[in-house]
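Trainee: Have a peek at query14.cif (mmCIF, C-alpha atoms).
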data_target
loop_
_atom_site.label_atom_id
_atom_site.label_comp_id
_atom_site.auth_asym_id
_atom_site.auth_seq_id
_atom_site.Cartn_x
_atom_site.Cartn_y
_atom_site.Cartn_z
CA MET M 1302 -65.66 10.60 53.37
CA VAL M 1303 -67.71 8.46 50.98
CA ASP M 1304 -70.66 6.38 52.15
CA ILE M 1305 -71.19 3.45 49.79
CA TYR M 1306 -74.72 2.96 51.12
CA ASN M 1307 -75.79 6.11 49.29
CA ALA M 1308 -75.85 4.09 46.06
CA SER M 1309 -78.95 2.13 45.13
CA GLY M 1310 -78.20 -1.56 44.62
CA TRP M 1311 -74.86 -1.49 46.47
CA PHE M 1312 -73.15 -3.97 44.13
CA LEU M 1313 -73.02 -5.39 40.61
CA PHE M 1314 -72.29 -9.05 39.90
CA PHE M 1315 -70.48 -8.40 36.63
CA THR M 1316 -68.27 -5.66 35.21
CA ARG M 1317 -70.11 -6.01 31.92
CA ASP M 1318 -73.34 -4.88 33.63
CA TRP M 1319 -71.79 -1.53 34.47
CA ILE M 1320 -70.33 -1.20 30.99
CA VAL M 1321 -73.77 -1.85 29.43
CA ASN M 1322 -75.55 0.50 31.85
CA SER M 1323 -73.00 3.20 31.02
CA ASN M 1324 -73.44 2.74 27.23
CA LEU M 1325 -69.76 1.80 26.85
CA LEU M 1326 -70.11 -1.72 25.44
CA ASP M 1327 -69.09 -0.95 21.86
CA THR M 1328 -66.32 1.45 22.74
CA ASP M 1329 -62.62 1.27 23.58
CA TYR M 1330 -63.62 1.07 27.24
CA TYR M 1331 -64.41 -2.63 26.99
CA LYS M 1332 -62.80 -5.48 25.07
CA GLU M 1333 -63.49 -9.22 25.33
CA PHE M 1334 -61.07 -11.92 24.17
CA ASN M 1335 -61.90 -15.37 22.84
CA LEU M 1336 -58.87 -17.25 24.14
CA GLU M 1337 -60.25 -20.75 24.74
CA GLU M 1338 -61.03 -23.56 22.35
CA GLY M 1339 -64.15 -25.63 22.88
CA SER M 1340 -64.19 -27.62 26.11
CA LYS M 1341 -62.60 -31.06 25.92
CA PRO M 1342 -63.17 -34.08 28.19
CA TYR M 1343 -60.51 -34.65 30.83
CA SER M 1344 -58.55 -37.91 30.90
CA GLU M 1345 -59.26 -40.09 33.92
CA PRO M 1346 -56.60 -39.91 36.65
CA GLY M 1347 -54.51 -42.95 37.46
CA ARG M 1348 -55.27 -44.41 40.88
CA VAL M 1349 -54.78 -47.34 43.20
CA GLU M 1350 -58.25 -46.94 44.76
CA GLU M 1351 -60.95 -49.39 43.67
CA VAL M 1352 -63.46 -46.59 43.10
CA MET M 1353 -62.62 -43.19 41.68
CA HIS M 1354 -63.19 -40.36 44.17
CA TRP M 1355 -66.42 -38.46 43.49
CA ARG M 1356 -64.58 -35.16 43.02
CA PHE M 1357 -62.99 -36.52 39.83
CA LEU M 1358 -66.39 -37.65 38.58
CA GLU M 1359 -68.10 -34.31 38.98
CA GLU M 1360 -68.77 -32.73 35.62
CA ILE M 1361 -67.36 -29.25 35.22
CA GLU M 1362 -70.24 -27.42 33.64
CA GLY M 1363 -69.97 -24.75 30.97
CA SER M 1364 -67.04 -22.84 29.56
CA PRO M 1365 -64.90 -20.31 31.42
CA PRO M 1366 -66.31 -16.77 31.43
CA PRO M 1367 -64.89 -14.57 28.66
CA ALA M 1368 -61.65 -12.78 29.41
CA PHE M 1369 -61.91 -9.01 29.15
CA VAL M 1370 -60.27 -5.69 29.91
CA ALA M 1371 -62.46 -2.77 30.97
CA VAL M 1372 -61.61 0.87 31.60
CA ILE M 1373 -63.59 2.58 34.37
CA PRO M 1374 -63.14 6.37 34.30
CA ASN M 1375 -62.75 7.66 37.86
CA GLY M 1376 -62.96 4.11 39.16
CA ARG M 1377 -61.78 3.36 42.68
CA VAL M 1378 -59.93 0.62 44.55
CA CYS M 1379 -60.58 0.33 48.28
CA GLY M 1380 -59.49 -1.72 51.27
CA ALA M 1381 -56.84 -4.32 52.02
CA LYS M 1382 -58.21 -6.75 49.43
CA GLY M 1383 -58.49 -4.14 46.68
CA ALA M 1384 -62.24 -4.03 46.07
CA VAL M 1385 -63.22 -2.27 42.82
CA ILE M 1386 -65.89 0.45 43.03
CA THR M 1387 -67.49 2.29 40.11
CA PRO M 1388 -67.91 6.09 39.95
CA ASP M 1389 -71.60 5.66 40.87
CA ASN M 1390 -70.60 3.87 44.08
CA LYS M 1391 -71.21 0.21 43.25
CA LEU M 1392 -68.97 -2.66 44.27
CA VAL M 1393 -68.07 -4.87 41.27
CA TRP M 1394 -68.22 -8.45 42.55
CA ASP M 1395 -66.47 -10.30 39.70
CA LEU M 1396 -63.39 -8.13 40.28
CA SER M 1397 -63.66 -8.13 44.09
CA ILE M 1398 -64.48 -11.76 44.94
CA ASP M 1399 -63.97 -12.57 48.61
CA TYR M 1400 -63.91 -16.25 49.60
CA LEU M 1401 -65.49 -15.68 52.99
CA SER M 1402 -68.43 -13.57 51.85
CA THR M 1403 -71.15 -13.11 49.26
CA PRO M 1404 -71.63 -9.92 47.22
CA ALA M 1405 -74.15 -8.60 49.75
CA THR M 1406 -71.87 -9.39 52.72
CA HIS M 1407 -68.58 -8.17 51.20
CA PRO M 1408 -66.41 -6.54 53.93
CA ILE M 1409 -66.44 -3.19 52.11
CA LEU M 1410 -70.24 -3.07 52.30
CA GLN M 1411 -70.11 -3.59 56.06
CA LEU M 1412 -68.22 -0.34 56.66
CA LYS M 1413 -70.19 2.70 57.77
CA GLU M 1414 -67.74 4.92 55.94
CA LEU M 1415 -64.97 4.31 53.46
CA PRO M 1416 -61.48 5.78 53.97
CA PRO M 1417 -60.76 9.19 52.41
CA ILE M 1418 -60.20 9.08 48.66
CA ARG M 1419 -56.79 9.86 47.22
CA LYS M 1420 -57.04 10.94 43.60
CA ILE M 1421 -54.28 10.34 41.08
CA SER M 1422 -53.96 11.32 37.45
CA GLY M 1423 -53.14 8.80 34.75
CA THR M 1424 -53.91 5.08 34.41
CA ALA M 1425 -53.93 2.51 37.21
CA ALA M 1426 -54.16 -1.25 36.48
CA VAL M 1427 -55.89 -3.44 39.07
CA LEU M 1428 -54.29 -6.85 39.77
CA THR M 1429 -55.85 -7.52 43.18
CA PHE M 1430 -57.22 -10.88 44.35
CA SER M 1431 -58.48 -11.79 47.81
CA VAL M 1432 -55.73 -14.37 48.51
CA SER M 1433 -53.00 -13.24 46.14
CA SER M 1434 -50.19 -14.02 48.62
CA TYR M 1435 -50.83 -17.75 48.04
CA TYR M 1436 -48.52 -19.10 45.37
CA TYR M 1437 -51.17 -20.79 43.21
CA HIS M 1438 -53.46 -17.76 43.27
CA TRP M 1439 -50.65 -15.34 42.49
CA MET M 1440 -49.52 -17.43 39.54
CA PHE M 1441 -52.96 -18.17 38.07
CA ASP M 1442 -55.35 -15.50 39.40
CA VAL M 1443 -53.02 -12.48 39.22
CA LEU M 1444 -50.14 -12.77 36.73
CA PRO M 1445 -52.09 -13.89 33.62
CA ARG M 1446 -54.06 -10.65 33.83
CA ILE M 1447 -50.88 -8.86 32.80
CA GLU M 1448 -51.13 -10.76 29.53
CA LEU M 1449 -54.65 -9.37 29.04
CA LEU M 1450 -53.30 -5.85 29.48
CA ARG M 1451 -50.67 -6.55 26.85
CA LYS M 1452 -53.24 -7.97 24.43
CA ARG M 1453 -55.25 -4.79 24.89
CA ALA M 1454 -52.06 -2.72 24.38
CA LEU M 1455 -52.83 -0.64 27.45
CA LYS M 1456 -50.01 1.02 29.38
CA ALA M 1457 -50.41 1.56 33.12
CA ASP M 1458 -48.68 4.20 35.19
CA ILE M 1459 -49.12 2.11 38.34
CA PHE M 1460 -50.17 -1.44 39.22
CA ILE M 1461 -52.38 -2.01 42.26
CA ILE M 1462 -51.88 -5.31 44.12
CA ASN M 1463 -52.65 -6.61 47.61
CA ASP M 1464 -51.14 -9.02 50.14
CA PHE M 1465 -47.67 -8.27 48.78
CA LEU M 1466 -44.71 -9.98 50.46
CA PRO M 1467 -41.35 -8.30 49.79
CA ARG M 1468 -38.48 -10.54 48.69
CA SER M 1469 -40.95 -13.28 47.79
CA PHE M 1470 -42.02 -15.08 44.60
CA GLN M 1471 -44.28 -12.06 43.98
CA GLU M 1472 -41.33 -9.69 43.77
CA GLN M 1473 -39.26 -12.18 41.75
CA THR M 1474 -41.96 -12.73 39.12
CA LEU M 1475 -42.76 -9.02 38.78
CA ARG M 1476 -39.09 -8.36 38.15
CA ILE M 1477 -39.00 -10.95 35.37
CA LEU M 1478 -42.11 -9.33 33.87
CA ASP M 1479 -40.30 -5.95 33.86
CA ILE M 1480 -42.68 -4.35 36.36
CA PRO M 1481 -40.55 -2.26 38.74
CA LEU M 1482 -41.65 -2.06 42.37
CA SER M 1483 -41.59 1.73 42.08
CA ARG M 1484 -44.76 1.42 39.96
CA VAL M 1485 -46.54 -0.93 42.39
CA LYS M 1486 -49.08 0.34 44.92
CA VAL M 1487 -50.04 -2.09 47.69
CA CYS M 1488 -53.50 -2.01 49.25
CA GLY M 1489 -54.02 -1.63 52.99
CA ASN M 1490 -56.99 -1.11 55.30
CA ASP M 1491 -56.95 2.66 54.68
CA PHE M 1492 -56.32 2.35 50.96
CA HIS M 1493 -58.83 4.19 48.77
CA LEU M 1494 -57.54 5.38 45.43
CA MET M 1495 -59.34 6.96 42.47
CA ALA M 1496 -57.64 7.09 39.07
CA ASP M 1497 -58.51 9.02 35.93
CA ARG M 1498 -58.56 5.63 34.19
CA LEU M 1499 -58.91 2.45 36.20
CA VAL M 1500 -57.95 -0.47 33.95
CA VAL M 1501 -59.44 -3.75 35.17
CA PRO M 1502 -58.46 -7.04 33.48
CA SER M 1503 -60.83 -9.88 34.32
CA LEU M 1504 -59.98 -12.70 36.68
CA THR M 1505 -58.58 -15.81 35.00
CA GLY M 1506 -61.54 -18.11 34.46
CA TYR M 1507 -62.89 -19.76 37.61
CA THR M 1508 -60.34 -20.01 40.39
CA GLY M 1509 -59.15 -23.61 40.63
CA HIS M 1510 -60.15 -24.21 36.99
CA MET M 1511 -57.41 -22.38 35.17
CA PRO M 1512 -57.86 -21.87 31.42
CA LYS M 1513 -55.27 -23.29 29.08
CA TRP M 1514 -54.26 -19.86 27.79
CA ALA M 1515 -53.07 -18.91 31.29
CA CYS M 1516 -50.84 -22.00 31.35
CA GLU M 1517 -49.39 -21.06 27.97
CA PHE M 1518 -48.69 -17.51 29.17
CA LEU M 1519 -46.79 -18.71 32.24
CA ARG M 1520 -44.78 -21.21 30.21
CA LYS M 1521 -43.95 -18.67 27.51
CA THR M 1522 -42.90 -16.11 30.10
CA PHE M 1523 -40.94 -18.15 32.63
CA LEU M 1524 -39.84 -21.24 30.72
CA ALA M 1525 -38.31 -19.40 27.78
CA LYS M 1526 -34.77 -20.53 27.01
CA ASN M 1527 -33.42 -17.00 27.08
CA PHE M 1528 -34.80 -16.56 30.64
CA LEU M 1529 -33.08 -19.73 31.82
CA LYS M 1530 -29.82 -18.76 30.12
CA LYS M 1531 -29.88 -15.33 31.76
CA LYS M 1532 -29.95 -17.13 35.10
CA GLY M 1533 -27.09 -19.43 34.13
CA TYR M 1534 -29.21 -22.49 33.35
CA ASN M 1535 -27.74 -23.50 30.01
CA THR M 1536 -29.24 -26.98 30.20
CA LEU M 1537 -32.44 -28.21 31.77
CA THR M 1538 -30.86 -30.63 34.20
CA GLY M 1539 -31.85 -31.28 37.78
CA CYS M 1540 -33.48 -33.88 39.98
CA GLU M 1541 -35.43 -36.23 37.75
CA ARG M 1542 -37.54 -37.57 40.64
CA ILE M 1543 -38.63 -35.20 43.39
CA TYR M 1544 -40.77 -35.37 46.51
CA ILE M 1545 -42.23 -32.06 47.67
CA SER M 1546 -42.29 -31.99 51.46
CA ARG M 1547 -44.82 -30.00 53.50
CA GLU M 1548 -42.92 -30.70 56.70
CA LYS M 1549 -42.45 -26.93 57.25
CA ALA M 1550 -46.03 -26.03 56.29
CA LYS M 1551 -48.82 -25.15 58.71
CA MET M 1552 -51.31 -27.66 57.31
CA ARG M 1553 -51.66 -30.82 55.22
CA LYS M 1554 -48.48 -32.40 56.53
CA VAL M 1555 -47.76 -36.05 55.79
CA ILE M 1556 -47.88 -37.68 59.22
CA ASN M 1557 -45.77 -40.71 58.27
CA GLU M 1558 -43.39 -38.76 56.03
CA GLY M 1559 -40.40 -40.73 57.30
CA GLU M 1560 -41.80 -43.96 55.88
CA VAL M 1561 -42.83 -42.21 52.67
CA VAL M 1562 -39.37 -40.72 52.14
CA ASP M 1563 -37.64 -44.05 52.89
CA LEU M 1564 -39.65 -45.75 50.16
CA LEU M 1565 -39.27 -42.92 47.67
CA SER M 1566 -35.52 -42.76 48.29
CA SER M 1567 -35.21 -46.37 47.16
CA TYR M 1568 -36.66 -45.23 43.82
CA GLY M 1569 -34.19 -42.36 43.52
CA PHE M 1570 -36.42 -39.50 44.72
CA LYS M 1571 -35.00 -36.38 46.33
CA LYS M 1572 -36.89 -34.53 49.08
CA VAL M 1573 -37.19 -30.77 48.46
CA TYR M 1574 -38.60 -27.79 50.35
CA LEU M 1575 -39.90 -25.36 47.75
CA GLU M 1576 -40.53 -22.54 50.25
CA PHE M 1577 -36.76 -22.12 50.60
CA MET M 1578 -36.05 -22.25 46.88
CA PRO M 1579 -35.86 -19.15 44.61
CA PHE M 1580 -38.59 -18.97 41.99
CA GLU M 1581 -36.16 -19.42 39.09
CA GLU M 1582 -34.78 -22.59 40.66
CA GLN M 1583 -38.30 -24.00 41.03
CA VAL M 1584 -38.88 -23.41 37.31
CA ARG M 1585 -35.67 -25.23 36.44
CA LEU M 1586 -36.41 -28.10 38.84
CA PHE M 1587 -39.88 -28.84 37.51
CA SER M 1588 -38.93 -28.38 33.87
CA SER M 1589 -36.42 -31.21 34.18
CA ALA M 1590 -38.41 -33.64 36.36
CA GLU M 1591 -39.62 -37.00 35.11
CA MET M 1592 -41.82 -37.70 38.18
CA ILE M 1593 -43.15 -35.57 41.05
CA VAL M 1594 -44.73 -36.88 44.25
CA SER M 1595 -46.42 -34.49 46.65
CA PRO M 1596 -49.23 -33.97 49.12
CA HIS M 1597 -51.80 -31.50 47.81
CA GLY M 1598 -50.44 -27.96 48.11
CA GLY M 1599 -49.34 -24.80 46.35
CA GLY M 1600 -45.98 -26.22 45.30
CA LEU M 1601 -47.74 -28.26 42.62
CA THR M 1602 -48.52 -25.00 40.84
CA ASN M 1603 -45.08 -25.51 39.30
CA LEU M 1604 -46.48 -28.41 37.29
CA VAL M 1605 -47.17 -25.70 34.73
CA PHE M 1606 -43.43 -25.82 33.92
CA CYS M 1607 -43.24 -29.60 33.39
CA LYS M 1608 -42.69 -31.21 30.03
CA PRO M 1609 -45.50 -33.36 28.57
CA GLY M 1610 -45.51 -36.91 29.90
CA THR M 1611 -44.11 -36.02 33.33
CA ARG M 1612 -45.65 -38.30 35.96
CA VAL M 1613 -47.44 -36.75 38.93
CA LEU M 1614 -48.58 -38.53 42.11
CA GLU M 1615 -50.65 -36.43 44.52
CA PHE M 1616 -51.69 -37.33 48.10
CA PHE M 1617 -55.01 -36.24 49.63
CA SER M 1618 -56.67 -36.60 53.01
CA PRO M 1619 -60.12 -38.30 52.92
CA GLY M 1620 -61.79 -35.02 53.90
CA TYR M 1621 -60.26 -32.72 51.31
CA VAL M 1622 -59.77 -33.60 47.65
CA ASN M 1623 -59.12 -30.73 45.26
CA VAL M 1624 -58.83 -31.64 41.57
CA LEU M 1625 -57.19 -28.45 40.29
CA TYR M 1626 -53.79 -30.08 39.64
CA TRP M 1627 -55.51 -32.89 37.74
CA ILE M 1628 -57.06 -30.19 35.55
CA LEU M 1629 -53.65 -28.53 35.15
CA SER M 1630 -52.13 -31.91 34.25
CA ASN M 1631 -54.76 -32.39 31.55
CA HIS M 1632 -53.92 -29.02 30.00
CA LEU M 1633 -50.24 -29.95 29.86
CA LYS M 1634 -50.61 -33.65 28.97
CA LEU M 1635 -49.00 -34.85 32.22
CA ASP M 1636 -49.50 -38.41 33.50
CA TYR M 1637 -51.49 -37.86 36.70
CA TYR M 1638 -52.14 -40.28 39.61
CA TYR M 1639 -53.53 -39.83 43.10
CA ILE M 1640 -53.77 -41.59 46.47
CA ILE M 1641 -56.37 -40.96 49.19
CA GLY M 1642 -54.81 -41.13 52.66
CA GLU M 1643 -55.90 -43.34 55.53
CA GLY M 1644 -59.16 -42.65 57.37
CA SER M 1645 -62.85 -42.54 56.64
CA PRO M 1646 -64.31 -39.95 54.28
CA PRO M 1647 -67.02 -37.62 55.65
CA ALA M 1648 -70.43 -39.30 55.56
CA ASP M 1649 -72.14 -36.25 54.06
CA ARG M 1650 -69.60 -35.66 51.26
CA LYS M 1651 -68.26 -32.53 52.87
CA ASN M 1652 -64.98 -31.51 51.26
CA ASN M 1653 -63.84 -28.64 53.44
CA MET M 1654 -61.34 -30.25 55.81
CA VAL M 1655 -58.59 -28.24 54.19
CA TRP M 1656 -56.35 -28.37 57.27
CA ASP M 1657 -56.31 -32.17 57.64
CA SER M 1658 -52.96 -33.94 57.70
CA ILE M 1659 -52.40 -37.04 55.59
CA THR M 1660 -51.36 -40.57 56.47
CA VAL M 1661 -50.17 -42.38 53.34
CA ASN M 1662 -50.72 -46.12 53.03
CA ILE M 1663 -47.22 -47.37 52.19
CA ASP M 1664 -48.49 -50.44 50.32
CA LYS M 1665 -50.65 -48.20 48.14
CA LEU M 1666 -47.69 -45.91 47.55
CA ALA M 1667 -45.47 -48.84 46.50
CA HIS M 1668 -48.15 -50.05 44.14
CA ALA M 1669 -48.65 -46.56 42.66
CA LEU M 1670 -44.91 -46.23 42.05
CA GLU M 1671 -44.88 -49.54 40.23
CA ILE M 1672 -47.76 -48.66 37.90
CA ALA M 1673 -46.56 -45.09 37.36
#
Could you render the structure as structure tokens?
Mentor:
Amino acid sequence: MVDIYNASGWFLFFTRDWIVNSNLLDTDYYKEFNLEEGSKPYSEPGRVEEVMHWRFLEEIEGSPPPAFVAVIPNGRVCGAKGAVITPDNKLVWDLSIDYLSTPATHPILQLKELPPIRKISGTAAVLTFSVSSYYYHWMFDVLPRIELLRKRALKADIFIINDFLPRSFQEQTLRILDIPLSRVKVCGNDFHLMADRLVVPSLTGYTGHMPKWACEFLRKTFLAKNFLKKKGYNTLTGCERIYISREKAKMRKVINEGEVVDLLSSYGFKKVYLEFMPFEEQVRLFSSAEMIVSPHGGGLTNLVFCKPGTRVLEFFSPGYVNVLYWILSNHLKLDYYYIIGEGSPPADRKNNMVWDSITVNIDKLAHALEIA
């Protein structure tokens, strides 16, 4: 058994700190990449509201952290979320971020003992993220790290991931990326693996603020003509106007969806359920769309496959506005609009009512369709 409390300090905020402390900064064990151009101002979203929502007015400060790939000799991965631990027993926070905790309260640090270590020879690449079974986070917080491994020209014997769902978009995308499931190790509660060489690509910028290079990687990989032809899609045809329904979802449903669909149908929109659609078909659908209407949700991750100029109309509840798809639309030069649903916003500017359903004002929707 290993007791992580034996280490002084318990955790490090940044991988680079361990690299510096280990005198490995100017070696092949650590490589940073300058993949982003200087920050550019975002275009204002289109809206039917009199006043722009404060979330769109907040300034996003600073540039994304540098992308990097580090090699940790005898590094370890532990627990169901795949926390990264150094040989001197320190949790590395920037590779082990947990949404419900701080570095000092990370679930791994609350254990009296860690599971027994299983040692393997060779190189293991870490692709874990605390919520990697969510479509957006898999696409933007996990997969682009494979591109960092390729830029570093590092070959991995195994890939460590967590929250893996067989026969899902995760399996489909790994297959397209030529990563066989036989080389994938999935974390669990008793998982504790040490590798001769633990290769750790950095997370992709700040979650929810995806860098442009990650968008370009996903487009290059999954929108390539040869990929579409392999799947029998010789032309990029499909529904030009689509409405993404969350009727089958657990949260953020559109309460008056019947009215919404009736109006959209008169404009030639087709209602789709992305959760029942193979990944390749979602790529084809979004690459051929001229306008997409949707409540806020993971399905809009597929905007990354849209052509420039595609119109996007997103619905929010008053208590939860998340601007990540506006940021994505800016990267891709999409024409973005939004509507805030009926109801009063929280008096204290709280923005955490992630579960709230949405009631769309039909007059506002009709007006938005006219101007879009």
Trainee: Can you work out which one of M:Pro1404, M:Pro1512, M:Pro1481, M:Gly1380 has the shortest atom-to-atom distance to Pro1367 in chain M, counting only C-alpha atoms?
Mentor: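 For Pro1367 in chain M, the nearest of the candidates is M:Pro1512.
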Trainee: Evaluate the PyMOL selection byres ((chain M and resi 1565) around 10) and record the selected residues as number ranges by chain, following the chain and residue labels used in the document.
Mentor: M: 1542-1544, 1559-1564, 1566-1572, 1594, 1666-1667, 1670
Trainee: With only C-alpha atoms as the counted atoms, please give the residues lying no more than 6 Å from range 1610-1625 of chain M, apart from itself and same-chain residues fewer than 5 positions off, as a list in words.
Mentor: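 Everything that qualifies: Gly1509, Glu1591, Met1592, Ile1593, Val1594, Ser1595, Pro1596, His1597, Leu1635, Asp1636, Tyr1637, Tyr1638, Tyr1639, Ile1640, Ile1641, Gly1642, Pro1646, Asn1652, Asn1653, Met1654, Val1655 and Ile1659 of chain M.
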Trainee: Provide the CA of Lys1420 in chain M to CA of Cys1379 in chain M distance in Å, to one decimal place.
Mentor: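 Atom-to-atom, CA of Lys1420 in chain M to CA of Cys1379 in chain M, that is 12.1 Å.
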Trainee: Give me the result of the PyMOL selection byres ((chain M and resi 1600) around 12) on this file, residue by residue, as number ranges by chain.
Mentor: M: 1435-1438, 1440, 1470, 1543-1547, 1550, 1573-1578, 1580, 1583-1584, 1586-1587, 1593-1599, 1601-1606, 1615, 1626
Trainee: I'd like the contact shell of Thr1508 in chain M - 12 Å cut-off, all atoms listed in the file, skipping same-chain residues fewer than 4 positions apart - returned as a list in words.
Mentor: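 Close residues of Thr1508 in chain M: Pro1365, Pro1366, Asp1395, Ile1398, Asp1399, Tyr1400, Phe1430, Ser1431, Val1432, Ser1433, Tyr1437, His1438, Trp1439, Met1440, Phe1441, Asp1442, Val1443, Ser1503, Leu1504, Pro1512, Ala1515, Asn1623, Val1624, Leu1625 and Ile1628 of chain M.
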Trainee: Restricting the output to C-alpha atoms, write the selected residues as a PDB file, in the coordinates of the input.
Mentor:
ATOM      1  CA  PRO M1365     -64.900 -20.310  31.420  1.00  0.00           C
ATOM      2  CA  PRO M1366     -66.310 -16.770  31.430  1.00  0.00           C
ATOM      3  CA  ASP M1395     -66.470 -10.300  39.700  1.00  0.00           C
ATOM      4  CA  ILE M1398     -64.480 -11.760  44.940  1.00  0.00           C
ATOM      5  CA  ASP M1399     -63.970 -12.570  48.610  1.00  0.00           C
ATOM      6  CA  TYR M1400     -63.910 -16.250  49.600  1.00  0.00           C
ATOM      7  CA  PHE M1430     -57.220 -10.880  44.350  1.00  0.00           C
ATOM      8  CA  SER M1431     -58.480 -11.790  47.810  1.00  0.00           C
ATOM      9  CA  VAL M1432     -55.730 -14.370  48.510  1.00  0.00           C
ATOM     10  CA  SER M1433     -53.000 -13.240  46.140  1.00  0.00           C
ATOM     11  CA  TYR M1437     -51.170 -20.790  43.210  1.00  0.00           C
ATOM     12  CA  HIS M1438     -53.460 -17.760  43.270  1.00  0.00           C
ATOM     13  CA  TRP M1439     -50.650 -15.340  42.490  1.00  0.00           C
ATOM     14  CA  MET M1440     -49.520 -17.430  39.540  1.00  0.00           C
ATOM     15  CA  PHE M1441     -52.960 -18.170  38.070  1.00  0.00           C
ATOM     16  CA  ASP M1442     -55.350 -15.500  39.400  1.00  0.00           C
ATOM     17  CA  VAL M1443     -53.020 -12.480  39.220  1.00  0.00           C
ATOM     18  CA  SER M1503     -60.830  -9.880  34.320  1.00  0.00           C
ATOM     19  CA  LEU M1504     -59.980 -12.700  36.680  1.00  0.00           C
ATOM     20  CA  PRO M1512     -57.860 -21.870  31.420  1.00  0.00           C
ATOM     21  CA  ALA M1515     -53.070 -18.910  31.290  1.00  0.00           C
ATOM     22  CA  ASN M1623     -59.120 -30.730  45.260  1.00  0.00           C
ATOM     23  CA  VAL M1624     -58.830 -31.640  41.570  1.00  0.00           C
ATOM     24  CA  LEU M1625     -57.190 -28.450  40.290  1.00  0.00           C
ATOM     25  CA  ILE M1628     -57.060 -30.190  35.550  1.00  0.00           C
TER      26      ILE M1628
END
